[in-house]
Every structure is written in C-alpha cells, then in structure tokens.
file start_11.cif (mmCIF, N, CA and C atoms)
data_model
#
loop_
_atom_site.label_atom_id
_atom_site.label_comp_id
_atom_site.auth_asym_id
_atom_site.auth_seq_id
_atom_site.Cartn_x
_atom_site.Cartn_y
_atom_site.Cartn_z
N MET A 808 13.04 93.11 91.87
CA MET A 808 13.99 93.21 90.78
C MET A 808 14.29 91.80 90.28
N SER A 809 14.33 91.62 88.98
CA SER A 809 14.58 90.29 88.41
C SER A 809 16.07 89.95 88.48
N ALA A 810 16.34 88.65 88.41
CA ALA A 810 17.72 88.17 88.44
C ALA A 810 18.47 88.66 87.22
N ASP A 811 19.74 88.90 87.38
CA ASP A 811 20.59 89.32 86.28
C ASP A 811 20.71 88.19 85.27
N LEU A 812 20.35 88.44 84.03
CA LEU A 812 20.42 87.41 83.00
C LEU A 812 21.84 86.93 82.75
N GLY A 813 22.83 87.74 83.12
CA GLY A 813 24.21 87.34 82.96
C GLY A 813 24.60 86.20 83.89
N ASP A 814 23.80 85.96 84.95
CA ASP A 814 24.08 84.89 85.91
C ASP A 814 23.65 83.52 85.39
N ARG A 815 22.83 83.50 84.36
CA ARG A 815 22.32 82.23 83.84
C ARG A 815 23.38 81.54 83.00
N PRO A 816 23.46 80.19 83.09
CA PRO A 816 24.44 79.47 82.26
C PRO A 816 24.13 79.69 80.78
N LYS A 817 25.18 79.75 79.98
CA LYS A 817 25.00 79.92 78.54
C LYS A 817 24.50 78.62 77.93
N LEU A 818 23.58 78.76 76.99
CA LEU A 818 23.10 77.60 76.25
C LEU A 818 24.14 77.21 75.22
N LYS A 819 24.31 75.93 75.03
CA LYS A 819 25.23 75.44 74.01
C LYS A 819 24.53 75.53 72.66
N PRO A 820 25.16 76.13 71.66
CA PRO A 820 24.53 76.23 70.34
C PRO A 820 24.26 74.84 69.74
N PHE A 821 23.21 74.74 68.94
CA PHE A 821 22.83 73.47 68.33
C PHE A 821 24.00 72.78 67.63
N ASP A 822 24.80 73.55 66.92
CA ASP A 822 25.87 72.93 66.14
C ASP A 822 27.00 72.38 67.01
N GLU A 823 26.94 72.62 68.31
CA GLU A 823 27.94 72.06 69.23
C GLU A 823 27.41 70.86 70.01
N TRP A 824 26.13 70.51 69.82
CA TRP A 824 25.58 69.36 70.51
C TRP A 824 26.21 68.09 69.99
N ARG A 825 26.58 67.19 70.88
CA ARG A 825 27.15 65.90 70.49
C ARG A 825 26.10 64.79 70.49
N ASP A 826 25.13 64.91 71.39
CA ASP A 826 24.12 63.86 71.53
C ASP A 826 22.90 64.41 72.26
N ILE A 827 21.98 63.53 72.58
CA ILE A 827 20.73 63.94 73.23
C ILE A 827 20.98 64.56 74.60
N TYR A 828 22.06 64.17 75.25
CA TYR A 828 22.32 64.69 76.60
C TYR A 828 22.71 66.17 76.56
N ASP A 829 23.33 66.62 75.48
CA ASP A 829 23.58 68.05 75.32
C ASP A 829 22.25 68.79 75.14
N ALA A 830 21.35 68.21 74.38
CA ALA A 830 20.02 68.81 74.21
C ALA A 830 19.30 68.88 75.55
N LEU A 831 19.39 67.81 76.33
CA LEU A 831 18.71 67.78 77.63
C LEU A 831 19.30 68.80 78.60
N GLU A 832 20.58 69.09 78.49
CA GLU A 832 21.16 70.13 79.34
C GLU A 832 20.56 71.49 79.01
N ASN A 833 20.26 71.72 77.73
CA ASN A 833 19.59 72.95 77.34
C ASN A 833 18.17 72.99 77.90
N VAL A 834 17.48 71.86 77.90
CA VAL A 834 16.14 71.78 78.48
C VAL A 834 16.23 72.04 79.98
N ARG A 835 17.21 71.46 80.64
CA ARG A 835 17.37 71.63 82.08
C ARG A 835 17.60 73.12 82.42
N GLN A 836 18.41 73.79 81.63
CA GLN A 836 18.73 75.19 81.90
C GLN A 836 17.58 76.13 81.57
N ARG A 837 16.83 75.82 80.53
CA ARG A 837 15.74 76.70 80.09
C ARG A 837 14.51 75.87 79.72
N PRO A 838 13.88 75.24 80.70
CA PRO A 838 12.74 74.36 80.38
C PRO A 838 11.61 75.05 79.64
N GLY A 839 11.37 76.32 79.95
CA GLY A 839 10.28 77.05 79.29
C GLY A 839 10.47 77.22 77.79
N MET A 840 11.71 77.13 77.33
CA MET A 840 11.97 77.23 75.89
C MET A 840 11.61 75.93 75.17
N TRP A 841 11.55 74.85 75.89
CA TRP A 841 11.44 73.53 75.27
C TRP A 841 10.13 72.82 75.54
N VAL A 842 9.59 72.97 76.73
CA VAL A 842 8.36 72.25 77.08
C VAL A 842 7.40 73.19 77.80
N ARG A 843 6.17 73.20 77.37
CA ARG A 843 5.17 74.06 77.99
C ARG A 843 4.88 73.59 79.41
N ASP A 844 4.82 74.53 80.31
CA ASP A 844 4.43 74.28 81.69
C ASP A 844 5.23 73.16 82.36
N GLY A 845 6.46 72.94 81.92
CA GLY A 845 7.29 71.89 82.52
C GLY A 845 6.73 70.50 82.31
N SER A 846 6.02 70.30 81.21
CA SER A 846 5.35 69.02 80.94
C SER A 846 6.35 67.92 80.59
N LEU A 847 6.36 66.91 81.43
CA LEU A 847 7.24 65.78 81.19
C LEU A 847 6.78 64.96 79.98
N ARG A 848 5.48 64.90 79.77
CA ARG A 848 4.97 64.19 78.59
C ARG A 848 5.39 64.90 77.31
N GLU A 849 5.40 66.22 77.34
CA GLU A 849 5.84 66.97 76.17
C GLU A 849 7.32 66.72 75.91
N LEU A 850 8.11 66.64 76.98
CA LEU A 850 9.53 66.31 76.83
C LEU A 850 9.69 64.92 76.23
N SER A 851 8.88 63.97 76.68
CA SER A 851 8.93 62.62 76.15
C SER A 851 8.63 62.60 74.66
N VAL A 852 7.66 63.37 74.22
CA VAL A 852 7.32 63.46 72.79
C VAL A 852 8.49 64.08 72.02
N LEU A 853 9.09 65.12 72.58
CA LEU A 853 10.24 65.75 71.93
C LEU A 853 11.37 64.73 71.76
N LEU A 854 11.63 63.94 72.80
CA LEU A 854 12.69 62.94 72.74
C LEU A 854 12.34 61.83 71.74
N TRP A 855 11.08 61.46 71.67
CA TRP A 855 10.66 60.45 70.70
C TRP A 855 10.90 60.96 69.28
N GLY A 856 10.61 62.23 69.03
CA GLY A 856 10.88 62.83 67.73
C GLY A 856 12.37 62.82 67.41
N TYR A 857 13.19 63.09 68.40
CA TYR A 857 14.65 63.03 68.23
C TYR A 857 15.06 61.62 67.83
N HIS A 858 14.50 60.64 68.51
CA HIS A 858 14.81 59.23 68.22
C HIS A 858 14.41 58.87 66.79
N LEU A 859 13.23 59.29 66.38
CA LEU A 859 12.78 59.01 65.01
C LEU A 859 13.69 59.68 63.98
N ALA A 860 14.12 60.90 64.26
CA ALA A 860 15.02 61.60 63.34
C ALA A 860 16.35 60.84 63.21
N LEU A 861 16.85 60.29 64.32
CA LEU A 861 18.08 59.49 64.24
C LEU A 861 17.89 58.32 63.28
N GLN A 862 16.76 57.63 63.41
CA GLN A 862 16.48 56.47 62.56
C GLN A 862 16.31 56.86 61.11
N VAL A 863 15.53 57.91 60.87
CA VAL A 863 15.26 58.34 59.50
C VAL A 863 16.55 58.73 58.78
N HIS A 864 17.45 59.38 59.50
CA HIS A 864 18.68 59.88 58.89
C HIS A 864 19.87 58.93 59.06
N GLY A 865 19.61 57.75 59.62
CA GLY A 865 20.67 56.75 59.75
C GLY A 865 21.81 57.17 60.65
N VAL A 866 21.52 57.97 61.66
CA VAL A 866 22.55 58.43 62.59
C VAL A 866 22.77 57.36 63.66
N GLU A 867 24.02 56.99 63.83
CA GLU A 867 24.37 56.01 64.85
C GLU A 867 24.57 56.71 66.19
N GLU A 868 23.55 56.65 67.03
CA GLU A 868 23.64 57.19 68.38
C GLU A 868 22.81 56.29 69.27
N ARG A 869 23.41 55.84 70.35
CA ARG A 869 22.65 55.03 71.31
C ARG A 869 21.57 55.90 71.91
N PHE A 870 20.35 55.42 71.85
CA PHE A 870 19.23 56.18 72.40
C PHE A 870 18.60 55.37 73.52
N ALA A 871 18.86 55.78 74.74
CA ALA A 871 18.43 55.01 75.91
C ALA A 871 17.12 55.54 76.50
N LEU A 872 16.52 56.55 75.87
CA LEU A 872 15.36 57.21 76.46
C LEU A 872 14.05 56.83 75.80
N ASP A 873 14.01 55.70 75.11
CA ASP A 873 12.75 55.19 74.56
C ASP A 873 11.74 55.14 75.71
N PRO A 874 10.50 55.58 75.50
CA PRO A 874 9.55 55.71 76.60
C PRO A 874 9.31 54.45 77.44
N ALA A 875 9.23 53.30 76.82
CA ALA A 875 8.91 52.10 77.61
C ALA A 875 9.99 51.03 77.55
N ALA A 876 10.81 51.03 76.51
CA ALA A 876 11.75 49.93 76.34
C ALA A 876 13.21 50.33 76.39
N GLY A 877 13.50 51.61 76.55
CA GLY A 877 14.89 52.06 76.60
C GLY A 877 15.57 51.69 77.91
N ARG A 878 16.87 51.83 77.92
CA ARG A 878 17.65 51.48 79.12
C ARG A 878 17.24 52.30 80.34
N PHE A 879 16.89 53.56 80.13
CA PHE A 879 16.44 54.41 81.24
C PHE A 879 15.14 53.86 81.83
N ALA A 880 14.18 53.51 80.97
CA ALA A 880 12.91 52.95 81.43
C ALA A 880 13.14 51.62 82.14
N GLN A 881 14.00 50.79 81.58
CA GLN A 881 14.30 49.50 82.21
C GLN A 881 14.91 49.70 83.59
N TRP A 882 15.80 50.67 83.71
CA TRP A 882 16.42 50.98 85.00
C TRP A 882 15.38 51.44 86.00
N LEU A 883 14.45 52.34 85.56
CA LEU A 883 13.39 52.80 86.46
C LEU A 883 12.54 51.63 86.95
N SER A 884 12.19 50.74 86.04
CA SER A 884 11.38 49.58 86.41
C SER A 884 12.12 48.69 87.41
N ARG A 885 13.40 48.45 87.12
CA ARG A 885 14.20 47.57 87.98
C ARG A 885 14.47 48.18 89.35
N THR A 886 14.83 49.46 89.39
CA THR A 886 15.23 50.06 90.66
C THR A 886 14.07 50.62 91.47
N ARG A 887 12.98 50.98 90.81
CA ARG A 887 11.84 51.58 91.51
C ARG A 887 10.64 50.63 91.58
N GLY A 888 10.63 49.61 90.73
CA GLY A 888 9.49 48.70 90.69
C GLY A 888 8.26 49.31 90.04
N TRP A 889 8.48 50.35 89.24
CA TRP A 889 7.37 51.03 88.59
C TRP A 889 6.96 50.32 87.31
N SER A 890 5.66 50.36 87.00
CA SER A 890 5.18 49.89 85.71
C SER A 890 5.53 50.95 84.68
N LEU A 891 6.07 50.51 83.55
CA LEU A 891 6.40 51.43 82.48
C LEU A 891 5.50 51.21 81.28
N SER A 892 4.33 50.62 81.50
CA SER A 892 3.42 50.32 80.40
C SER A 892 2.96 51.58 79.68
N CYS A 893 2.94 52.71 80.36
CA CYS A 893 2.56 53.99 79.73
C CYS A 893 3.77 54.89 79.53
N GLY A 894 4.97 54.36 79.72
CA GLY A 894 6.19 55.13 79.50
C GLY A 894 6.75 55.74 80.77
N TRP A 895 8.02 56.17 80.68
CA TRP A 895 8.68 56.72 81.86
C TRP A 895 8.09 58.05 82.30
N ALA A 896 7.58 58.86 81.35
CA ALA A 896 7.01 60.16 81.73
C ALA A 896 5.82 59.97 82.67
N THR A 897 4.93 59.08 82.32
CA THR A 897 3.76 58.81 83.17
C THR A 897 4.19 58.23 84.50
N ALA A 898 5.13 57.29 84.48
CA ALA A 898 5.59 56.67 85.72
C ALA A 898 6.20 57.71 86.66
N ILE A 899 6.99 58.61 86.11
CA ILE A 899 7.62 59.65 86.95
C ILE A 899 6.55 60.60 87.48
N GLU A 900 5.63 61.01 86.63
CA GLU A 900 4.56 61.91 87.08
C GLU A 900 3.76 61.28 88.21
N GLU A 901 3.46 59.99 88.09
CA GLU A 901 2.66 59.31 89.10
C GLU A 901 3.41 59.08 90.40
N ASN A 902 4.73 59.11 90.35
CA ASN A 902 5.52 58.80 91.53
C ASN A 902 6.40 59.96 91.99
N ALA A 903 6.18 61.16 91.50
CA ALA A 903 7.03 62.30 91.82
C ALA A 903 6.88 62.77 93.27
N GLY A 904 5.77 62.45 93.89
CA GLY A 904 5.60 62.77 95.30
C GLY A 904 5.73 64.24 95.65
N GLY A 905 5.08 65.10 94.92
CA GLY A 905 5.10 66.53 95.23
C GLY A 905 6.24 67.30 94.58
N VAL A 906 7.22 66.60 94.04
CA VAL A 906 8.32 67.26 93.32
C VAL A 906 7.83 67.53 91.90
N PRO A 907 8.11 68.70 91.33
CA PRO A 907 7.70 68.92 89.95
C PRO A 907 8.25 67.80 89.05
N PRO A 908 7.42 67.21 88.21
CA PRO A 908 7.85 66.04 87.41
C PRO A 908 9.11 66.28 86.59
N LEU A 909 9.27 67.46 86.00
CA LEU A 909 10.47 67.71 85.21
C LEU A 909 11.72 67.70 86.10
N GLU A 910 11.61 68.26 87.29
CA GLU A 910 12.71 68.23 88.25
C GLU A 910 13.01 66.78 88.66
N ALA A 911 11.95 66.00 88.91
CA ALA A 911 12.13 64.59 89.27
C ALA A 911 12.82 63.83 88.13
N PHE A 912 12.43 64.13 86.88
CA PHE A 912 13.06 63.48 85.73
C PHE A 912 14.56 63.73 85.72
N PHE A 913 14.98 64.99 85.87
CA PHE A 913 16.41 65.29 85.81
C PHE A 913 17.17 64.67 86.97
N HIS A 914 16.55 64.61 88.14
CA HIS A 914 17.19 63.94 89.28
C HIS A 914 17.39 62.45 88.95
N LEU A 915 16.35 61.81 88.43
CA LEU A 915 16.45 60.39 88.07
C LEU A 915 17.43 60.16 86.92
N LEU A 916 17.43 61.05 85.94
CA LEU A 916 18.36 60.94 84.82
C LEU A 916 19.80 61.01 85.33
N ASP A 917 20.07 61.95 86.24
CA ASP A 917 21.41 62.06 86.81
C ASP A 917 21.79 60.79 87.57
N GLU A 918 20.85 60.26 88.34
CA GLU A 918 21.10 59.03 89.10
C GLU A 918 21.36 57.86 88.15
N TRP A 919 20.57 57.76 87.10
CA TRP A 919 20.76 56.68 86.13
C TRP A 919 22.12 56.80 85.43
N GLN A 920 22.46 58.02 85.01
CA GLN A 920 23.75 58.21 84.33
C GLN A 920 24.91 57.86 85.27
N ALA A 921 24.80 58.21 86.53
CA ALA A 921 25.84 57.86 87.50
C ALA A 921 25.95 56.34 87.65
N SER A 922 24.81 55.65 87.62
CA SER A 922 24.85 54.19 87.74
C SER A 922 25.45 53.55 86.50
N VAL A 923 25.20 54.11 85.33
CA VAL A 923 25.78 53.61 84.08
C VAL A 923 27.29 53.81 84.11
N GLU A 924 27.72 54.99 84.55
CA GLU A 924 29.16 55.27 84.64
C GLU A 924 29.84 54.34 85.64
N ALA A 925 29.15 54.03 86.74
CA ALA A 925 29.73 53.15 87.76
C ALA A 925 29.89 51.73 87.23
N GLU A 926 29.05 51.34 86.27
CA GLU A 926 29.14 50.00 85.68
C GLU A 926 30.27 49.88 84.67
N GLN A 927 30.76 51.01 84.16
CA GLN A 927 31.81 51.00 83.15
C GLN A 927 33.13 50.65 83.80
N PRO A 928 33.90 49.75 83.18
CA PRO A 928 35.21 49.44 83.76
C PRO A 928 36.14 50.65 83.63
N THR A 929 37.00 50.80 84.62
CA THR A 929 37.99 51.88 84.55
C THR A 929 39.02 51.49 83.50
N ALA A 930 39.85 52.45 83.11
CA ALA A 930 40.89 52.18 82.11
C ALA A 930 41.83 51.07 82.60
N ALA A 931 42.14 51.06 83.89
CA ALA A 931 43.03 50.04 84.44
C ALA A 931 42.38 48.66 84.36
N GLU A 932 41.05 48.59 84.67
CA GLU A 932 40.33 47.31 84.61
C GLU A 932 40.21 46.83 83.17
N ALA A 933 39.98 47.76 82.25
CA ALA A 933 39.82 47.38 80.84
C ALA A 933 41.11 46.82 80.27
N GLY A 934 42.25 47.29 80.76
CA GLY A 934 43.54 46.82 80.27
C GLY A 934 43.96 45.49 80.86
N SER A 935 43.27 45.04 81.90
CA SER A 935 43.64 43.78 82.56
C SER A 935 43.28 42.59 81.75
#
call {"tool": "encode", "arguments": {"input": "start_11.cif", "output": "structure tokens"}}
result
Amino acid sequence: MSADLGDRPKLKPFDEWRDIYDALENVRQRPGMWVRDGSLRELSVLLWGYHLALQVHGVEERFALDPAAGRFAQWLSRTRGWSLSCGWATAIEENAGGVPPLEAFFHLLDEWQASVEAEQPTAAEAGS
C-alpha cells in the first residue's frame, strides 16, 4: 500500500516564494517534479537559469549558488578542499561517497546555511 499523500508536506505556491531557498525547499520535498532522476547537474542548470532571470529582470537578490564562483562553491572549496573548476554539482557528485548526490547537496546546503547564520552577529552584538 502506498503512503498517504496527506502525510507529505505541502508545497509552497510560487507566488509565496521569497527567494531561491523557497524554491529549493520545493525541490527537496518533491525532487521528481524538478529534476530528472535526482540529477544534481540538472538542478545546477535550473539554478543557473534562475540566476540569469534575476539579472535579466534586474531583481536584487543575493545569489550564492553560482556553480564555481558563488559563496556556496567557495565554502565547499575552503571546507572540503574540493576543486570547483567544473562547478559544485560535479564536485559533490565526485565526493558523495555512496550518498545520492541530491541528498548530499541538501545536507551540504544545510551545513553551509548554518555556518552563514553562525557568522552573523546577534542583535545584541550588532547593537554594541
């Protein structure tokens, strides 16, 4: 018997997305809707298209997921010592160690976001 579809988290409608991370949460919840066969390279292409759309339409949004030069890629290179010459998708695929690459990406993304948040001064520190 299949799992009850009511148990699955609800997808956030497009018009409620604030940034790329809302889009990525939809990918995390329903990867088959967004990338064929859990392809991390396909996700990278989707994100690159998002980045280009931001530029074309003059939308001010920090985009840290540039394949080779974004803050996420820089963090991977610094913390893992990986070459990012072919982009973060390739680096993650080559170093996933038996974990599905898309799963490894989300684990690393969560770790990176936690490190970014840890670097942010607290409200008390900012007021000092």
call {"tool": "select_by_dssp", "arguments": {"input": "start_11.cif", "residues": "chain A", "states": "helix (DSSP H, G or I)", "output": "count of residues only"}}
result
82
call {"tool": "residues_around", "arguments": {"input": "start_11.cif", "residues": "Ile827 (chain A)", "least_positions_apart": "3", "cutoff": "8 Å", "atoms": "all atoms listed in the file", "output": "list in words"}}
result
Trp824, Ala830, Leu831, Glu832, Asn833, Tyr857, Glu868, Arg869 and Phe870 of chain A
call {"tool": "residues_around", "arguments": {"input": "start_11.cif", "residues": "region 845-853 of chain A", "least_positions_apart": "2", "cutoff": "6 Å", "atoms": "only C-alpha atoms", "output": "mmCIF file with N, CA and C atoms, keeping the file's coordinate frame"}}
result
data_model
loop_
_atom_site.group_PDB
_atom_site.id
_atom_site.type_symbol
_atom_site.label_atom_id
_atom_site.label_comp_id
_atom_site.auth_asym_id
_atom_site.auth_seq_id
_atom_site.Cartn_x
_atom_site.Cartn_y
_atom_site.Cartn_z
ATOM 1 N N VAL A 842 9.590 72.970 76.730
ATOM 2 C CA VAL A 842 8.360 72.250 77.080
ATOM 3 C C VAL A 842 7.400 73.190 77.800
ATOM 4 N N ARG A 843 6.170 73.200 77.370
ATOM 5 C CA ARG A 843 5.170 74.060 77.990
ATOM 6 C C ARG A 843 4.880 73.590 79.410
ATOM 7 N N TRP A 855 11.080 61.460 71.670
ATOM 8 C CA TRP A 855 10.660 60.450 70.700
ATOM 9 C C TRP A 855 10.900 60.960 69.280
ATOM 10 N N GLY A 856 10.610 62.230 69.030
ATOM 11 C CA GLY A 856 10.880 62.830 67.730
ATOM 12 C C GLY A 856 12.370 62.820 67.410
ATOM 13 N N ALA A 896 7.580 58.860 81.350
ATOM 14 C CA ALA A 896 7.010 60.160 81.730
ATOM 15 C C ALA A 896 5.820 59.970 82.670
ATOM 16 N N LEU A 909 9.270 67.460 86.000
ATOM 17 C CA LEU A 909 10.470 67.710 85.210
ATOM 18 C C LEU A 909 11.720 67.700 86.100
#
call {"tool": "atom_distance", "arguments": {"input": "start_11.cif", "atom1": "atom C of Ala921 (chain A)", "atom2": "atom C of Gln862 (chain A)"}}
result
28.2 Å
call {"tool": "atom_distance", "arguments": {"input": "start_11.cif", "atom1": "atom N of Ala880 (chain A)", "atom2": "atom N of Ala903 (chain A)"}}
result
15.3 Å
call {"tool": "closest_residue", "arguments": {"input": "start_11.cif", "among": "A:Gly839, A:Pro874, A:Pro908, A:Pro820", "to": "Cys893 (chain A)", "atoms": "only C-alpha atoms"}}
result
A:Pro874
call {"tool": "closest_residue", "arguments": {"input": "start_11.cif", "among": "A:Leu915, A:Ala925, A:Val906, A:Leu891", "to": "Ala876 (chain A)", "atoms": "all atoms listed in the file"}}
result
A:Leu891
call {"tool": "atom_distance", "arguments": {"input": "start_11.cif", "atom1": "atom C of Ala875 (chain A)", "atom2": "atom N of Asp822 (chain A)"}}
result
29.0 Å
call {"tool": "residues_around", "arguments": {"input": "start_11.cif", "residues": "Ala911 (chain A)", "least_positions_apart": "5", "cutoff": "10 Å", "atoms": "only C-alpha atoms", "output": "PyMOL selection string"}}
result
chain A and resi 847+899-900+902-906+916-917
call {"tool": "closest_residue", "arguments": {"input": "start_11.cif", "among": "A:Val866, A:Pro907, A:Trp841, A:Arg878", "to": "Ser922 (chain A)", "atoms": "only C-alpha atoms"}}
result
A:Arg878
call {"tool": "axis_aligned_box", "arguments": {"input": "start_11.cif", "around": "region 917-922 of chain A", "padding_each_side": "6 Å", "output": "JSON"}}
result
{"center_x": 23.0, "center_y": 57.8, "center_z": 86.7, "size_x": 17.9, "size_y": 20.5, "size_z": 16.8}
call {"tool": "closest_residue", "arguments": {"input": "start_11.cif", "among": "A:Glu867, A:Glu910, A:Asp829, A:Asp873", "to": "Gly894 (chain A)", "atoms": "only N, CA and C atoms"}}
result
A:Asp873
call {"tool": "closest_residue", "arguments": {"input": "start_11.cif", "among": "A:Leu861, A:Trp895, A:Asp844, A:Glu924", "to": "Phe879 (chain A)", "atoms": "all atoms listed in the file"}}
result
A:Trp895
call {"tool": "resolve_selection", "arguments": {"input": "start_11.cif", "expression": "the PyMOL selection byres ((chain A and resi 818) around 8)", "output": "CSV table (one decimal) with N, CA and C atoms, in the coordinates of the input"}}
result
chain,number,residue,atom,x,y,z
A,815,ARG,N,22.8,83.5,84.4
A,815,ARG,CA,22.3,82.2,83.8
A,815,ARG,C,23.4,81.5,83.0
A,816,PRO,N,23.5,80.2,83.1
A,816,PRO,CA,24.4,79.5,82.3
A,816,PRO,C,24.1,79.7,80.8
A,817,LYS,N,25.2,79.8,80.0
A,817,LYS,CA,25.0,79.9,78.5
A,817,LYS,C,24.5,78.6,77.9
A,819,LYS,N,24.3,75.9,75.0
A,819,LYS,CA,25.2,75.4,74.0
A,819,LYS,C,24.5,75.5,72.7
A,820,PRO,N,25.2,76.1,71.7
A,820,PRO,CA,24.5,76.2,70.3
A,820,PRO,C,24.3,74.8,69.7
A,821,PHE,N,23.2,74.7,68.9
A,821,PHE,CA,22.8,73.5,68.3
A,821,PHE,C,24.0,72.8,67.6
A,832,GLU,N,20.6,69.1,78.5
A,832,GLU,CA,21.2,70.1,79.3
A,832,GLU,C,20.6,71.5,79.0
A,833,ASN,N,20.3,71.7,77.7
A,833,ASN,CA,19.6,73.0,77.3
A,833,ASN,C,18.2,73.0,77.9
A,836,GLN,N,18.4,73.8,81.6
A,836,GLN,CA,18.7,75.2,81.9
A,836,GLN,C,17.6,76.1,81.6
A,837,ARG,N,16.8,75.8,80.5
A,837,ARG,CA,15.7,76.7,80.1
A,837,ARG,C,14.5,75.9,79.7
call {"tool": "build_atoms", "arguments": {"input": "start_11.cif", "residues": "region 897-914 of chain A", "atoms": "N, CA, C and O atoms", "output": "PDB file, in the frame of the given file"}}
result
ATOM      1  N   THR A 897       4.930  59.080  82.320  1.00  0.00           N
ATOM      2  CA  THR A 897       3.760  58.810  83.170  1.00  0.00           C
ATOM      3  C   THR A 897       4.190  58.230  84.500  1.00  0.00           C
ATOM      4  O   THR A 897       3.688  58.632  85.558  1.00  0.00           O
ATOM      5  N   ALA A 898       5.130  57.290  84.480  1.00  0.00           N
ATOM      6  CA  ALA A 898       5.590  56.670  85.720  1.00  0.00           C
ATOM      7  C   ALA A 898       6.200  57.710  86.660  1.00  0.00           C
ATOM      8  O   ALA A 898       5.940  57.702  87.862  1.00  0.00           O
ATOM      9  N   ILE A 899       6.990  58.610  86.110  1.00  0.00           N
ATOM     10  CA  ILE A 899       7.620  59.650  86.950  1.00  0.00           C
ATOM     11  C   ILE A 899       6.550  60.600  87.480  1.00  0.00           C
ATOM     12  O   ILE A 899       6.556  60.942  88.673  1.00  0.00           O
ATOM     13  N   GLU A 900       5.630  61.010  86.630  1.00  0.00           N
ATOM     14  CA  GLU A 900       4.560  61.910  87.080  1.00  0.00           C
ATOM     15  C   GLU A 900       3.760  61.280  88.210  1.00  0.00           C
ATOM     16  O   GLU A 900       3.413  61.954  89.180  1.00  0.00           O
ATOM     17  N   GLU A 901       3.460  59.990  88.090  1.00  0.00           N
ATOM     18  CA  GLU A 901       2.660  59.310  89.100  1.00  0.00           C
ATOM     19  C   GLU A 901       3.410  59.080  90.400  1.00  0.00           C
ATOM     20  O   GLU A 901       2.789  58.867  91.438  1.00  0.00           O
ATOM     21  N   ASN A 902       4.730  59.110  90.350  1.00  0.00           N
ATOM     22  CA  ASN A 902       5.520  58.800  91.530  1.00  0.00           C
ATOM     23  C   ASN A 902       6.400  59.960  91.990  1.00  0.00           C
ATOM     24  O   ASN A 902       7.297  59.749  92.823  1.00  0.00           O
ATOM     25  N   ALA A 903       6.180  61.160  91.500  1.00  0.00           N
ATOM     26  CA  ALA A 903       7.030  62.300  91.820  1.00  0.00           C
ATOM     27  C   ALA A 903       6.880  62.770  93.270  1.00  0.00           C
ATOM     28  O   ALA A 903       7.778  63.417  93.800  1.00  0.00           O
ATOM     29  N   GLY A 904       5.770  62.450  93.890  1.00  0.00           N
ATOM     30  CA  GLY A 904       5.600  62.770  95.300  1.00  0.00           C
ATOM     31  C   GLY A 904       5.730  64.240  95.650  1.00  0.00           C
ATOM     32  O   GLY A 904       6.436  64.584  96.585  1.00  0.00           O
ATOM     33  N   GLY A 905       5.080  65.100  94.920  1.00  0.00           N
ATOM     34  CA  GLY A 905       5.100  66.530  95.230  1.00  0.00           C
ATOM     35  C   GLY A 905       6.240  67.300  94.580  1.00  0.00           C
ATOM     36  O   GLY A 905       6.234  68.527  94.594  1.00  0.00           O
ATOM     37  N   VAL A 906       7.220  66.600  94.040  1.00  0.00           N
ATOM     38  CA  VAL A 906       8.320  67.260  93.320  1.00  0.00           C
ATOM     39  C   VAL A 906       7.830  67.530  91.900  1.00  0.00           C
ATOM     40  O   VAL A 906       7.162  66.674  91.311  1.00  0.00           O
ATOM     41  N   PRO A 907       8.110  68.700  91.330  1.00  0.00           N
ATOM     42  CA  PRO A 907       7.700  68.920  89.950  1.00  0.00           C
ATOM     43  C   PRO A 907       8.250  67.800  89.050  1.00  0.00           C
ATOM     44  O   PRO A 907       9.433  67.447  89.169  1.00  0.00           O
ATOM     45  N   PRO A 908       7.420  67.210  88.210  1.00  0.00           N
ATOM     46  CA  PRO A 908       7.850  66.040  87.410  1.00  0.00           C
ATOM     47  C   PRO A 908       9.110  66.280  86.590  1.00  0.00           C
ATOM     48  O   PRO A 908       9.955  65.387  86.496  1.00  0.00           O
ATOM     49  N   LEU A 909       9.270  67.460  86.000  1.00  0.00           N
ATOM     50  CA  LEU A 909      10.470  67.710  85.210  1.00  0.00           C
ATOM     51  C   LEU A 909      11.720  67.700  86.100  1.00  0.00           C
ATOM     52  O   LEU A 909      12.754  67.154  85.728  1.00  0.00           O
ATOM     53  N   GLU A 910      11.610  68.260  87.290  1.00  0.00           N
ATOM     54  CA  GLU A 910      12.710  68.230  88.250  1.00  0.00           C
ATOM     55  C   GLU A 910      13.010  66.780  88.660  1.00  0.00           C
ATOM     56  O   GLU A 910      14.168  66.376  88.751  1.00  0.00           O
ATOM     57  N   ALA A 911      11.950  66.000  88.910  1.00  0.00           N
ATOM     58  CA  ALA A 911      12.130  64.590  89.270  1.00  0.00           C
ATOM     59  C   ALA A 911      12.820  63.830  88.130  1.00  0.00           C
ATOM     60  O   ALA A 911      13.700  63.002  88.371  1.00  0.00           O
ATOM     61  N   PHE A 912      12.430  64.130  86.880  1.00  0.00           N
ATOM     62  CA  PHE A 912      13.060  63.480  85.730  1.00  0.00           C
ATOM     63  C   PHE A 912      14.560  63.730  85.720  1.00  0.00           C
ATOM     64  O   PHE A 912      15.356  62.802  85.569  1.00  0.00           O
ATOM     65  N   PHE A 913      14.980  64.990  85.870  1.00  0.00           N
ATOM     66  CA  PHE A 913      16.410  65.290  85.810  1.00  0.00           C
ATOM     67  C   PHE A 913      17.170  64.670  86.970  1.00  0.00           C
ATOM     68  O   PHE A 913      18.296  64.226  86.803  1.00  0.00           O
ATOM     69  N   HIS A 914      16.550  64.610  88.140  1.00  0.00           N
ATOM     70  CA  HIS A 914      17.190  63.940  89.280  1.00  0.00           C
ATOM     71  C   HIS A 914      17.390  62.450  88.950  1.00  0.00           C
ATOM     72  O   HIS A 914      18.481  61.898  89.156  1.00  0.00           O
TER      73      HIS A 914
END
